[in-house]
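Shown next: data_1.csv, given as CSV, C-alpha atoms.
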chain,number,residue,atom,x,y,z
A,1,MET,CA,15.8,-8.0,8.6
A,2,ILE,CA,15.4,-11.7,8.1
A,3,LYS,CA,12.5,-12.8,6.0
A,4,ILE,CA,11.0,-16.2,6.6
A,5,THR,CA,8.2,-17.9,4.7
A,6,LEU,CA,6.8,-20.3,7.2
A,7,ASN,CA,5.2,-23.1,5.2
A,8,GLU,CA,3.8,-26.3,6.6
A,9,GLY,CA,6.4,-28.2,8.6
A,10,ILE,CA,8.9,-25.4,8.8
A,11,THR,CA,9.7,-24.0,12.3
A,12,ASP,CA,11.8,-21.1,13.4
A,13,VAL,CA,11.7,-21.2,17.1
A,14,CYS,CA,13.4,-18.0,18.5
A,15,PRO,CA,12.4,-16.3,21.7
A,16,SER,CA,10.9,-13.1,20.6
A,17,VAL,CA,8.5,-10.2,21.0
A,18,ALA,CA,6.1,-10.2,18.1
A,19,THR,CA,3.1,-8.5,16.6
A,20,ILE,CA,0.7,-9.9,13.9
A,21,GLY,CA,-1.2,-8.3,11.1
A,22,PHE,CA,-1.6,-7.9,7.3
A,23,PHE,CA,0.3,-4.6,7.4
A,24,ASP,CA,-1.0,-3.3,4.1
A,25,GLY,CA,1.0,-0.2,3.2
A,26,VAL,CA,3.1,-0.4,6.3
A,27,HIS,CA,1.8,3.1,7.2
A,28,ARG,CA,2.6,5.3,10.2
A,29,GLY,CA,0.2,3.5,12.4
A,30,HIS,CA,1.9,0.2,11.6
A,31,ARG,CA,5.4,1.6,12.1
A,32,PHE,CA,4.3,3.0,15.5
A,33,LEU,CA,3.2,-0.5,16.5
A,34,ILE,CA,6.3,-2.1,15.2
A,35,ASN,CA,8.5,0.5,17.0
A,36,ASN,CA,6.9,-0.7,20.2
A,37,VAL,CA,7.8,-4.2,19.4
A,38,VAL,CA,11.4,-3.3,18.6
A,39,LYS,CA,11.8,-1.3,21.9
A,40,GLU,CA,10.2,-4.0,24.0
A,41,ALA,CA,12.3,-6.7,22.4
A,42,ALA,CA,15.5,-4.7,23.0
A,43,ALA,CA,14.5,-4.1,26.7
A,44,ARG,CA,14.0,-7.9,27.2
A,45,GLY,CA,16.9,-9.1,25.2
A,46,LEU,CA,14.6,-10.9,22.7
A,47,GLN,CA,14.3,-10.8,19.0
A,48,SER,CA,11.7,-8.5,17.4
A,49,THR,CA,9.3,-10.2,15.0
A,50,VAL,CA,6.5,-9.2,12.6
A,51,VAL,CA,4.1,-11.9,11.6
A,52,THR,CA,2.2,-11.2,8.4
A,53,PHE,CA,0.4,-13.0,5.6
A,54,ASP,CA,1.0,-13.5,1.9
A,55,ARG,CA,-2.6,-12.5,0.9
A,56,HIS,CA,-5.5,-10.7,2.4
A,57,PRO,CA,-7.4,-13.1,4.6
A,58,ARG,CA,-10.7,-12.1,3.0
A,59,GLN,CA,-9.4,-13.4,-0.4
A,60,VAL,CA,-9.5,-16.9,1.2
A,61,LEU,CA,-12.7,-16.3,3.2
A,62,GLY,CA,-14.6,-14.9,0.2
A,63,SER,CA,-13.5,-16.1,-3.3
A,64,ASP,CA,-15.0,-13.1,-5.0
A,65,PHE,CA,-13.3,-10.5,-2.8
A,66,GLN,CA,-10.9,-8.3,-4.7
A,67,PRO,CA,-8.7,-6.3,-2.2
A,68,ARG,CA,-7.6,-2.8,-3.1
A,69,LEU,CA,-4.0,-3.2,-1.8
A,70,LEU,CA,-1.8,-0.3,-0.7
A,71,SER,CA,1.3,-2.4,-1.2
A,72,THR,CA,2.3,-5.6,-2.9
A,73,ASN,CA,4.1,-8.3,-1.0
A,74,GLU,CA,7.5,-7.2,-2.4
A,75,GLU,CA,6.8,-3.6,-1.5
A,76,LYS,CA,5.5,-4.6,2.0
A,77,MET,CA,8.7,-6.5,2.7
A,78,LEU,CA,10.9,-3.6,1.6
A,79,LEU,CA,8.9,-1.2,3.8
A,80,LEU,CA,9.1,-3.5,6.8
A,81,SER,CA,12.9,-3.8,6.3
A,82,LYS,CA,13.1,-0.1,7.0
A,83,THR,CA,11.3,-0.3,10.4
A,84,GLY,CA,14.2,-1.8,12.4
A,85,VAL,CA,12.4,-5.1,13.1
A,86,GLU,CA,14.8,-8.1,13.1
A,87,ARG,CA,12.6,-10.9,11.7
A,88,CYS,CA,9.6,-11.0,9.4
A,89,VAL,CA,7.6,-14.2,9.1
A,90,MET,CA,5.2,-14.4,6.1
A,91,LEU,CA,2.5,-17.0,6.5
A,92,PRO,CA,0.7,-18.5,3.5
A,93,PHE,CA,-2.9,-17.8,4.5
A,94,SER,CA,-5.0,-20.9,3.6
A,95,GLU,CA,-8.5,-22.2,4.2
A,96,GLN,CA,-7.0,-24.4,7.0
A,97,MET,CA,-5.5,-21.4,8.7
A,98,ALA,CA,-8.7,-19.5,8.3
A,99,GLN,CA,-10.5,-22.2,10.4
A,100,MET,CA,-8.0,-22.0,13.3
A,101,THR,CA,-9.2,-20.4,16.5
A,102,ALA,CA,-7.2,-17.6,18.0
A,103,CYS,CA,-6.1,-20.1,20.8
A,104,ASP,CA,-4.9,-22.7,18.2
A,105,PHE,CA,-3.1,-20.0,16.2
A,106,MET,CA,-1.3,-18.7,19.3
A,107,LYS,CA,-0.3,-22.2,20.4
A,108,LYS,CA,0.5,-24.0,17.2
A,109,ILE,CA,2.0,-21.1,15.2
A,110,LEU,CA,3.2,-18.3,17.5
A,111,HIS,CA,4.3,-20.5,20.5
A,112,ASP,CA,5.3,-23.8,19.1
A,113,ARG,CA,6.7,-22.9,15.7
A,114,LEU,CA,8.0,-19.3,16.3
A,115,GLY,CA,8.9,-19.2,20.0
A,116,VAL,CA,6.9,-16.0,20.7
A,117,GLN,CA,7.1,-15.0,24.3
A,118,VAL,CA,5.5,-11.6,24.2
A,119,LEU,CA,2.7,-10.7,21.7
A,120,ILE,CA,1.8,-7.0,21.2
A,121,ILE,CA,-1.6,-6.6,19.7
A,122,GLY,CA,-2.6,-3.5,17.6
A,123,TYR,CA,-5.5,-1.5,19.2
A,124,ASP,CA,-8.1,-2.8,16.7
A,125,ASN,CA,-6.6,-6.1,15.6
A,126,ARG,CA,-8.6,-9.3,15.9
A,127,PHE,CA,-7.5,-12.7,14.6
A,128,GLY,CA,-8.7,-16.3,14.6
A,129,HIS,CA,-11.8,-18.0,13.1
A,130,ASN,CA,-14.5,-15.4,12.4
A,131,ARG,CA,-12.5,-12.9,14.4
A,132,SER,CA,-14.9,-13.7,17.2
A,133,GLU,CA,-12.4,-13.4,20.1
A,134,GLY,CA,-10.9,-10.2,21.5
A,135,PHE,CA,-8.0,-8.9,23.6
A,136,ASP,CA,-9.2,-10.4,26.9
A,137,ASP,CA,-9.4,-13.8,25.3
A,138,TYR,CA,-5.9,-13.5,23.9
A,139,VAL,CA,-4.6,-12.5,27.3
A,140,ARG,CA,-6.2,-15.6,28.9
A,141,TYR,CA,-4.9,-18.0,26.2
A,142,GLY,CA,-1.4,-16.5,26.4
A,143,ARG,CA,-1.4,-16.9,30.2
A,144,GLU,CA,-2.1,-20.7,29.7
A,145,MET,CA,0.7,-21.2,27.2
A,146,GLY,CA,3.4,-18.8,28.4
A,147,ILE,CA,2.8,-15.9,26.1
A,148,GLU,CA,2.5,-12.4,27.6
A,149,VAL,CA,-0.1,-10.4,25.6
A,150,MET,CA,0.1,-6.6,25.6
A,151,SER,CA,-2.0,-4.0,23.8
A,152,ALA,CA,-0.6,-1.1,21.8
A,153,GLN,CA,-2.2,2.3,21.6
A,154,SER,CA,-3.6,3.7,18.4
A,155,PHE,CA,-1.6,6.2,16.4
A,156,LEU,CA,-3.4,9.5,16.0
A,157,LEU,CA,-2.6,12.0,13.3
A,158,HIS,CA,-4.6,15.3,13.6
A,159,GLY,CA,-7.2,13.4,15.5
A,160,ILE,CA,-7.4,10.5,12.9
A,161,ASN,CA,-6.8,6.9,13.8
A,162,VAL,CA,-4.4,6.0,11.0
A,163,SER,CA,-5.4,2.8,9.3
A,164,SER,CA,-5.2,1.2,5.9
A,165,SER,CA,-9.0,1.7,5.3
A,166,VAL,CA,-8.7,5.4,6.2
A,167,ILE,CA,-5.9,5.7,3.6
A,168,ARG,CA,-7.9,4.0,1.0
A,169,SER,CA,-10.7,6.4,1.6
A,170,PHE,CA,-8.4,9.4,1.1
A,171,LEU,CA,-7.1,7.9,-2.2
A,172,GLN,CA,-10.7,7.2,-3.3
A,173,GLU,CA,-11.5,10.9,-2.7
A,174,GLY,CA,-8.3,12.1,-4.4
A,175,GLU,CA,-7.0,13.4,-1.0
A,176,ILE,CA,-3.4,12.6,-2.0
A,177,GLU,CA,-1.7,14.8,0.6
A,178,MET,CA,-3.7,13.3,3.4
A,179,ALA,CA,-2.9,9.8,2.2
A,180,GLU,CA,0.8,10.6,2.1
A,181,ASN,CA,0.6,12.1,5.6
A,182,CYS,CA,-0.9,8.9,6.9
A,183,LEU,CA,1.5,6.6,5.0
A,184,GLY,CA,4.6,8.6,5.7
A,185,TYR,CA,5.7,8.4,2.1
A,186,PRO,CA,4.1,9.3,-1.3
A,187,TYR,CA,1.6,6.7,-2.6
A,188,PHE,CA,2.9,4.9,-5.6
A,189,PHE,CA,2.4,2.0,-8.0
A,190,THR,CA,4.5,0.4,-10.8
A,191,GLY,CA,3.7,-0.9,-14.2
A,192,LYS,CA,5.0,-1.5,-17.7
A,193,VAL,CA,4.8,1.1,-20.5
A,194,VAL,CA,2.6,-0.3,-23.3
A,195,LYS,CA,1.3,0.9,-26.6
A,196,GLY,CA,-1.7,3.1,-26.4
A,197,PHE,CA,-4.1,5.0,-28.7
A,198,ARG,CA,-1.5,7.7,-29.4
A,199,VAL,CA,-4.1,10.4,-28.9
A,200,GLY,CA,-1.7,12.3,-26.7
A,201,HIS,CA,0.7,12.6,-29.6
A,202,GLU,CA,-2.0,14.2,-31.7
A,203,LEU,CA,-2.7,16.7,-28.9
A,204,GLY,CA,1.0,17.6,-28.4
A,205,PHE,CA,1.2,15.7,-25.1
A,206,PRO,CA,2.6,12.2,-25.8
A,207,THR,CA,1.8,9.9,-22.9
A,208,ALA,CA,3.2,6.6,-21.6
A,209,ASN,CA,0.3,4.2,-21.2
A,210,ILE,CA,0.9,2.0,-18.1
A,211,GLU,CA,-0.2,-1.5,-17.5
A,212,GLN,CA,-0.3,-2.2,-13.8
A,213,ASP,CA,2.3,-4.6,-12.4
A,214,ASN,CA,-0.2,-5.9,-9.8
A,215,MET,CA,-3.9,-5.4,-10.7
A,216,LEU,CA,-4.9,-5.7,-7.0
A,217,LYS,CA,-3.0,-2.6,-6.1
A,218,MET,CA,-5.3,0.4,-5.6
A,219,ILE,CA,-5.4,3.2,-8.1
A,220,PRO,CA,-6.6,6.7,-6.8
A,221,SER,CA,-9.9,8.2,-8.1
A,222,PRO,CA,-10.2,9.2,-11.7
A,223,GLY,CA,-8.7,12.6,-12.5
A,224,VAL,CA,-5.5,14.5,-13.4
A,225,TYR,CA,-2.6,14.4,-11.0
A,226,ALA,CA,0.8,15.9,-10.5
A,227,VAL,CA,3.2,12.9,-10.1
A,228,LYS,CA,6.8,11.9,-10.1
A,229,VAL,CA,8.0,9.0,-12.1
A,230,ARG,CA,11.1,6.8,-12.1
A,231,ILE,CA,11.9,4.9,-15.2
A,232,GLU,CA,13.5,1.4,-15.0
A,233,GLY,CA,17.3,1.6,-14.9
A,234,THR,CA,17.4,5.2,-13.7
A,235,VAL,CA,17.3,6.9,-10.3
A,236,GLU,CA,16.0,10.4,-11.3
A,237,LEU,CA,12.5,11.3,-10.3
A,238,LYS,CA,10.9,13.1,-13.3
A,239,HIS,CA,8.1,15.6,-13.1
A,240,ALA,CA,4.9,14.5,-14.9
A,241,MET,CA,1.2,14.7,-15.1
A,242,MET,CA,-1.1,11.7,-15.1
A,243,ASN,CA,-4.6,11.1,-16.2
A,244,ILE,CA,-6.6,8.3,-14.7
A,245,GLY,CA,-9.9,7.7,-16.5
A,246,THR,CA,-11.9,6.5,-19.5
A,247,ARG,CA,-11.0,9.3,-22.0
A,248,PRO,CA,-14.7,10.5,-22.2
A,249,THR,CA,-13.8,13.2,-24.8
A,250,PHE,CA,-13.1,10.2,-27.2
A,251,ASN,CA,-16.0,8.1,-25.9
A,252,GLY,CA,-13.7,5.7,-24.1
A,253,THR,CA,-15.1,3.0,-21.8
A,254,GLN,CA,-12.2,1.3,-20.2
A,255,GLN,CA,-10.0,3.0,-17.5
A,256,THR,CA,-6.5,3.9,-18.7
A,257,LEU,CA,-3.4,5.1,-16.8
A,258,GLU,CA,-1.5,7.7,-18.9
A,259,VAL,CA,1.5,9.7,-17.9
A,260,HIS,CA,3.0,12.7,-19.7
A,261,ILE,CA,6.5,13.3,-18.6
A,262,LEU,CA,7.5,17.0,-18.8
A,263,ASN,CA,10.4,17.9,-21.1
A,264,PHE,CA,11.0,14.3,-22.1
A,265,ASN,CA,10.9,12.6,-25.5
A,266,ASP,CA,12.7,9.2,-25.1
A,267,ASP,CA,11.2,6.0,-26.2
A,268,ILE,CA,10.4,4.0,-23.0
A,269,TYR,CA,8.0,1.4,-24.5
A,270,GLY,CA,8.4,-1.9,-22.6
A,271,LYS,CA,10.1,-0.4,-19.6
A,272,MET,CA,8.9,-0.6,-16.0
A,273,ILE,CA,7.9,2.8,-14.5
A,274,SER,CA,7.1,3.8,-10.9
A,275,VAL,CA,4.6,6.6,-10.4
A,276,ALA,CA,4.4,8.5,-7.1
A,277,PHE,CA,1.3,10.8,-6.5
A,278,VAL,CA,1.9,14.3,-5.4
A,279,HIS,CA,-1.4,16.3,-5.9
A,280,LYS,CA,-4.7,16.0,-7.6
A,281,LEU,CA,-5.3,18.8,-10.1
A,282,ARG,CA,-8.8,18.2,-11.2
A,283,ASN,CA,-11.5,15.6,-12.0
A,284,GLU,CA,-11.7,14.0,-15.4
A,285,ARG,CA,-14.3,15.5,-17.6
A,286,GLN,CA,-15.5,15.5,-21.2
A,287,PHE,CA,-14.5,18.3,-23.5
A,288,PRO,CA,-16.4,19.5,-26.5
A,289,SER,CA,-13.4,19.1,-28.9
A,290,LYS,CA,-9.8,18.0,-29.2
A,291,GLU,CA,-8.8,21.6,-29.3
A,292,ALA,CA,-10.5,22.4,-26.0
A,293,LEU,CA,-8.8,19.4,-24.4
A,294,SER,CA,-5.4,20.4,-25.7
A,295,GLU,CA,-5.9,23.9,-24.3
A,296,GLN,CA,-6.7,22.4,-20.9
A,297,LEU,CA,-3.7,20.1,-21.0
A,298,VAL,CA,-1.5,23.2,-21.5
A,299,LYS,CA,-3.0,24.6,-18.3
A,300,ASP,CA,-2.6,21.3,-16.5
A,301,ALA,CA,1.1,21.1,-17.4
A,302,GLN,CA,1.5,24.7,-16.0
A,303,MET,CA,-0.2,23.7,-12.8
A,304,VAL,CA,2.1,20.7,-12.4
A,305,GLU,CA,5.1,22.9,-12.8
A,306,GLU,CA,3.7,25.4,-10.2
A,307,GLN,CA,3.0,22.5,-7.8
A,308,PHE,CA,6.6,21.3,-7.9
A,309,GLU,CA,7.9,24.9,-7.6
A,310,LYS,CA,5.8,25.3,-4.5
A,311,ASP,CA,7.1,22.1,-3.1
A,312,ILE,CA,10.7,23.3,-3.6
A,313,GLU,CA,9.9,26.6,-1.9
A,314,GLU,CA,8.3,24.8,1.1

As structure tokens, the full file:
Amino acid sequence: MIKITLNEGITDVCPSVATIGFFDGVHRGHRFLINNVVKEAAARGLQSTVVTFDRHPRQVLGSDFQPRLLSTNEEKMLLLSKTGVERCVMLPFSEQMAQMTACDFMKKILHDRLGVQVLIIGYDNRFGHNRSEGFDDYVRYGREMGIEVMSAQSFLLHGINVSSSVIRSFLQEGEIEMAENCLGYPYFFTGKVVKGFRVGHELGFPTANIEQDNMLKMIPSPGVYAVKVRIEGTVELKHAMMNIGTRPTFNGTQQTLEVHILNFNDDIYGKMISVAFVHKLRNERQFPSKEALSEQLVKDAQMVEEQFEKDIEE
């Protein structure tokens, strides 16, 4: 896959079949759409193209909007590279672009600068100023400028229209397995291991406190999770349990991300770590004492081991 960042004045005219979207998470619905693009391009002898943006459009339209991203730009590009699409164009989304009508965007960007001949639109996708125009408008504009516009079907999974917003809802509710089914891969985030309060050491469960690499990336709902972690410079996925929350037993107020890696004692301060979610064990709650919390952590670790043993058997 060729990645192109199309800044002002840069053109990359290449006859192609394209689709357009933010593609947050590059989930199974996105990959279904992109697969249609790849197949249509191959049938017509054209290049397959994905057109995406470097930031969520609402970050520009509303200065106080904080997206809960499923993927960073780097992660998104890596996921797109696995779809079979030949070219990915990342557009810097600006206030000027936000003011463009759908017709202007199709003519000035897709047609003139990218050479798009066929545009496949996702079933619920709208673009252009205020997203006020729809598929019939795109077809009419395309006919005037020589772009054939086609509509793709939605991707259904167990009766659910798979979308980024649906996946965020699953993560918010701690429905980790449903989120993974829709994504097509385990949800994950990365961050740096930093110094914490060392309470885990006192309880017999030393934890790696993680500082998110990208604060806009969504973190699932507070609670205790079975997770797999990969430490910088290694390839092994280690079994671990993670707590997301404010440490109410110790009157904490700020959310922390803490991982206890099972059967592991190495010093990993300062290293990057990737955390993939497997299953939510329970909600976070306040315990009457450190001893009660420690007893629960023993049970949590046992449940994590059982979860991974079950996964192996399945």

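The space separating atom CA of A:Lys299 from atom CA of A:Thr190 comes to 26.4 Å.
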
ask   = With distances taken over only C-alpha atoms, which of A:Arg87, A:Glu306, A:Leu46, A:Asp24 is nearest to A:Ser163?
value = A:Asp24

Kindly extract all protein, DNA and RNA residues lying within 12 Å of the coordinates (7.3, 7.3, -10.0) given in the file, considering all atoms listed in the file, and supply them as a tab-separated table (two decimals) with C-alpha atoms, keeping the file's coordinate frame.
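Result went into out36.tsv, see below:
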chain	number	residue	atom	x	y	z
A	186	PRO	CA	4.10	9.30	-1.30
A	187	TYR	CA	1.60	6.70	-2.60
A	188	PHE	CA	2.90	4.90	-5.60
A	189	PHE	CA	2.40	2.00	-8.00
A	190	THR	CA	4.50	0.40	-10.80
A	191	GLY	CA	3.70	-0.90	-14.20
A	192	LYS	CA	5.00	-1.50	-17.70
A	210	ILE	CA	0.90	2.00	-18.10
A	226	ALA	CA	0.80	15.90	-10.50
A	227	VAL	CA	3.20	12.90	-10.10
A	228	LYS	CA	6.80	11.90	-10.10
A	229	VAL	CA	8.00	9.00	-12.10
A	230	ARG	CA	11.10	6.80	-12.10
A	231	ILE	CA	11.90	4.90	-15.20
A	232	GLU	CA	13.50	1.40	-15.00
A	234	THR	CA	17.40	5.20	-13.70
A	235	VAL	CA	17.30	6.90	-10.30
A	236	GLU	CA	16.00	10.40	-11.30
A	237	LEU	CA	12.50	11.30	-10.30
A	238	LYS	CA	10.90	13.10	-13.30
A	239	HIS	CA	8.10	15.60	-13.10
A	240	ALA	CA	4.90	14.50	-14.90
A	241	MET	CA	1.20	14.70	-15.10
A	242	MET	CA	-1.10	11.70	-15.10
A	259	VAL	CA	1.50	9.70	-17.90
A	260	HIS	CA	3.00	12.70	-19.70
A	261	ILE	CA	6.50	13.30	-18.60
A	272	MET	CA	8.90	-0.60	-16.00
A	273	ILE	CA	7.90	2.80	-14.50
A	274	SER	CA	7.10	3.80	-10.90
A	275	VAL	CA	4.60	6.60	-10.40
A	276	ALA	CA	4.40	8.50	-7.10
A	277	PHE	CA	1.30	10.80	-6.50
A	278	VAL	CA	1.90	14.30	-5.40

key: Straight-line distance linking atom CA of A:Thr49 with atom CA of A:Asp136, stated in Å to one decimal   = 22.0 Å

task = Please provide the set of residues having any atom within 10 Å of A:Ile4, restricted to all atoms listed in the file, with same-chain residues fewer than 5 positions apart removed, written as a ChimeraX atom specification.
result = /A:10-12,51,87-91

Counting only C-alpha atoms, give me one row per residue of stretch 155-250 of chain A with an atom at most 8 Å from an atom of stretch 285-297 of chain A, showing the shortest contact pair and its distance in Å to one decimal, sorted by chain then residue number, as JSON lines.
{"residue": "A:Leu203", "atom": "CA", "partner": "A:Ser294", "partner_atom": "CA", "distance": 5.6}
{"residue": "A:Gly204", "atom": "CA", "partner": "A:Ser294", "partner_atom": "CA", "distance": 7.5}
{"residue": "A:Phe205", "atom": "CA", "partner": "A:Leu297", "partner_atom": "CA", "distance": 7.8}
{"residue": "A:Arg247", "atom": "CA", "partner": "A:Gln286", "partner_atom": "CA", "distance": 7.7}
{"residue": "A:Pro248", "atom": "CA", "partner": "A:Gln286", "partner_atom": "CA", "distance": 5.2}
{"residue": "A:Thr249", "atom": "CA", "partner": "A:Gln286", "partner_atom": "CA", "distance": 4.6}

Residue completion, stretch 222-235 of chain A, N, CA, C and O atoms, as a CSV table (one decimal), in the frame of the given file:
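Done, and the output landed in rebuild_7.csv:
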chain,number,residue,atom,x,y,z
A,222,PRO,N,-10.4,8.6,-10.4
A,222,PRO,CA,-10.2,9.2,-11.7
A,222,PRO,C,-9.9,10.7,-11.6
A,222,PRO,O,-10.5,11.4,-10.8
A,223,GLY,N,-9.0,11.2,-12.5
A,223,GLY,CA,-8.7,12.6,-12.5
A,223,GLY,C,-7.3,12.8,-13.1
A,223,GLY,O,-6.6,11.9,-13.5
A,224,VAL,N,-6.8,14.1,-13.0
A,224,VAL,CA,-5.5,14.5,-13.4
A,224,VAL,C,-4.7,14.8,-12.2
A,224,VAL,O,-5.1,15.6,-11.3
A,225,TYR,N,-3.4,14.3,-12.2
A,225,TYR,CA,-2.6,14.4,-11.0
A,225,TYR,C,-1.2,14.9,-11.4
A,225,TYR,O,-0.7,14.7,-12.5
A,226,ALA,N,-0.6,15.6,-10.5
A,226,ALA,CA,0.8,15.9,-10.5
A,226,ALA,C,1.5,14.7,-9.9
A,226,ALA,O,1.2,14.3,-8.8
A,227,VAL,N,2.5,14.1,-10.6
A,227,VAL,CA,3.2,12.9,-10.1
A,227,VAL,C,4.7,13.0,-10.4
A,227,VAL,O,5.1,13.9,-11.2
A,228,LYS,N,5.4,12.1,-9.8
A,228,LYS,CA,6.8,11.9,-10.1
A,228,LYS,C,7.0,10.5,-10.5
A,228,LYS,O,6.4,9.6,-10.0
A,229,VAL,N,7.8,10.3,-11.6
A,229,VAL,CA,8.0,9.0,-12.1
A,229,VAL,C,9.5,8.7,-12.1
A,229,VAL,O,10.4,9.5,-12.3
A,230,ARG,N,9.7,7.4,-11.9
A,230,ARG,CA,11.1,6.8,-12.1
A,230,ARG,C,11.0,5.7,-13.1
A,230,ARG,O,10.3,4.8,-13.0
A,231,ILE,N,11.9,5.8,-14.1
A,231,ILE,CA,11.9,4.9,-15.2
A,231,ILE,C,12.9,3.8,-14.9
A,231,ILE,O,14.0,4.1,-14.3
A,232,GLU,N,12.6,2.6,-15.2
A,232,GLU,CA,13.5,1.4,-15.0
A,232,GLU,C,14.9,1.7,-15.4
A,232,GLU,O,15.2,2.3,-16.5
A,233,GLY,N,15.9,1.4,-14.6
A,233,GLY,CA,17.3,1.6,-14.9
A,233,GLY,C,17.8,3.0,-14.6
A,233,GLY,O,19.0,3.3,-14.9
A,234,THR,N,16.9,3.9,-14.0
A,234,THR,CA,17.4,5.2,-13.7
A,234,THR,C,17.0,5.5,-12.2
A,234,THR,O,16.3,4.8,-11.6
A,235,VAL,N,17.6,6.6,-11.7
A,235,VAL,CA,17.3,6.9,-10.3
A,235,VAL,C,16.6,8.3,-10.2
A,235,VAL,O,16.1,8.6,-9.2
